[in-house]
Amino acid sequence: MRYNIGDALLRLTPGAQWVLRGDEYSGLEWLDETQTKPTEEEIVQKIAELEYQEEVNEYQRQRAAEYPSMADQQDMQFHDAVNGTTTWKDAIQAVKDKYPKKKMNTRTLNKRKKDALAKLEASRES
């Protein structure tokens, strides 16, 4: 998923009132009287964070696509209970092993934010 200014604003300033004309920061009209308008730098950093989080969470989508259907899982659980086997646990663990859980790495996140700021600065200079 590609994130944008609106996505960043929704997370940085939940419930704030604003209007965005176009897709650039210059088109952001801040209407909220209680929350401070985020800077362009804050917004590009939040977008970088959201995109990194999306990458980290990819394992969840991969697992969901490969887990057996709920009907199949219930059938496995029934037969495991009757036969004293572990086919259900084994099937689930195989998917978990194939797509291990990932967490955000602070260094990587900070680098992504720094790179986003550098890209913003470069776009301002050109």
# chains A, B, ... in the order shown; residues from 1 in each chain; ligands from 1
>>> residues_around(residues="A:Asp72", least_positions_apart="3", cutoff="12 Å", atoms="only C-alpha atoms", output="PyMOL selection string")
chain A and resi 67-69+75-79+87-88+91-92
>>> select_by_dssp(residues="chain A", states="strand (DSSP E or B)", output="ChimeraX atom specification")
/A:18-20,28-30
>>> write_last_selection(atoms="N, CA and C atoms", output="compact mmCIF listing (two decimals), in the first residue's frame")
# COMPACT_ATOMS: atom_id res chain seq x y z
N TRP A 18 -9.11 19.45 8.46
CA TRP A 18 -8.20 19.97 7.46
C TRP A 18 -8.76 19.67 6.08
N VAL A 19 -8.25 20.36 5.09
CA VAL A 19 -8.61 20.12 3.69
C VAL A 19 -7.31 20.01 2.91
N LEU A 20 -7.23 19.02 2.04
CA LEU A 20 -6.04 18.85 1.20
C LEU A 20 -6.45 19.00 -0.26
N LEU A 28 -2.36 21.84 1.70
CA LEU A 28 -2.99 21.52 2.98
C LEU A 28 -3.47 22.79 3.67
N GLU A 29 -4.77 22.86 3.85
CA GLU A 29 -5.36 23.99 4.59
C GLU A 29 -5.76 23.46 5.96
N TRP A 30 -5.18 24.02 7.00
CA TRP A 30 -5.42 23.56 8.37
C TRP A 30 -6.60 24.32 8.96
>>> residues_around(residues="A:Tyr99", least_positions_apart="6", cutoff="10 Å", atoms="only C-alpha atoms", output="ChimeraX atom specification")
/A:58-63,66,93
>>> residues_around(residues="A:Gln45", least_positions_apart="6", cutoff="12 Å", atoms="only C-alpha atoms", output="list in words")
Tyr3, Asn4, Ile5, Asp7, Ala8, Leu9, Arg11, Leu12, Pro38, Thr39, Glu51, Tyr52, Leu109, Asn110, Lys111, Arg112, Lys113, Lys114, Asp115, Ala116, Leu117, Ala118, Lys119 and Leu120 of chain A
>>> write_last_selection(atoms="C-alpha atoms", output="short mmCIF file (atom, residue, chain, number, x, y, z; two decimals), in the first residue's frame")
data_model
loop_
_atom_site.label_atom_id
_atom_site.label_comp_id
_atom_site.auth_asym_id
_atom_site.auth_seq_id
_atom_site.Cartn_x
_atom_site.Cartn_y
_atom_site.Cartn_z
CA TYR A 3 0.59 5.97 1.96
CA ASN A 4 -0.06 9.67 1.45
CA ILE A 5 -0.41 12.95 3.36
CA ASP A 7 -2.94 8.81 5.92
CA ALA A 8 -0.17 10.53 7.86
CA LEU A 9 -2.48 13.29 9.09
CA ARG A 11 -2.44 9.14 12.48
CA LEU A 12 -0.56 12.24 13.58
CA PRO A 38 2.13 18.98 11.45
CA THR A 39 5.16 20.13 9.52
CA GLU A 51 5.30 2.15 4.75
CA TYR A 52 7.92 0.37 6.84
CA LEU A 109 12.93 2.99 11.00
CA ASN A 110 15.25 5.89 11.79
CA LYS A 111 17.12 5.37 8.52
CA ARG A 112 13.83 5.36 6.58
CA LYS A 113 12.79 8.60 8.25
CA LYS A 114 16.20 10.18 7.57
CA ASP A 115 16.04 9.08 3.92
CA ALA A 116 12.53 10.53 3.61
CA LEU A 117 13.75 13.87 4.94
CA ALA A 118 16.73 13.84 2.55
CA LYS A 119 14.38 13.14 -0.36
CA LEU A 120 12.13 16.01 0.73
#
>>> closest_residue(among="A:Glu121, A:Gly6, A:Lys103, A:Glu54", to="A:Asp23", atoms="only C-alpha atoms")
A:Gly6
>>> atom_distance(atom1="atom CA of A:Thr86", atom2="atom CA of A:Gln73")
11.4 Å
>>> decode(residues="stretch 84-105 of chain A", atoms="C-alpha atoms", output="PDB file, in the first residue's frame")
ATOM      1  CA  GLY A  84      -4.202 -38.291  19.905  1.00  0.00           C
ATOM      2  CA  THR A  85      -2.304 -36.683  17.007  1.00  0.00           C
ATOM      3  CA  THR A  86      -1.023 -33.130  16.439  1.00  0.00           C
ATOM      4  CA  THR A  87      -1.774 -32.542  12.744  1.00  0.00           C
ATOM      5  CA  TRP A  88      -3.505 -29.216  13.424  1.00  0.00           C
ATOM      6  CA  LYS A  89      -0.659 -27.832  15.549  1.00  0.00           C
ATOM      7  CA  ASP A  90       1.870 -29.126  13.030  1.00  0.00           C
ATOM      8  CA  ALA A  91       0.063 -27.474  10.088  1.00  0.00           C
ATOM      9  CA  ILE A  92      -0.185 -24.125  11.873  1.00  0.00           C
ATOM     10  CA  GLN A  93       3.430 -24.269  13.071  1.00  0.00           C
ATOM     11  CA  ALA A  94       4.661 -25.028   9.535  1.00  0.00           C
ATOM     12  CA  VAL A  95       3.076 -21.791   8.289  1.00  0.00           C
ATOM     13  CA  LYS A  96       4.441 -19.828  11.267  1.00  0.00           C
ATOM     14  CA  ASP A  97       7.920 -21.246  10.610  1.00  0.00           C
ATOM     15  CA  LYS A  98       7.693 -20.391   6.908  1.00  0.00           C
ATOM     16  CA  TYR A  99       6.689 -16.781   7.660  1.00  0.00           C
ATOM     17  CA  PRO A 100       8.254 -15.795  10.995  1.00  0.00           C
ATOM     18  CA  LYS A 101       6.878 -12.852  12.919  1.00  0.00           C
ATOM     19  CA  LYS A 102       8.743  -9.629  12.273  1.00  0.00           C
ATOM     20  CA  LYS A 103       9.091  -6.484  14.336  1.00  0.00           C
ATOM     21  CA  MET A 104      10.056  -2.969  13.438  1.00  0.00           C
ATOM     22  CA  ASN A 105      13.758  -2.318  13.868  1.00  0.00           C
TER      23      ASN A 105
END
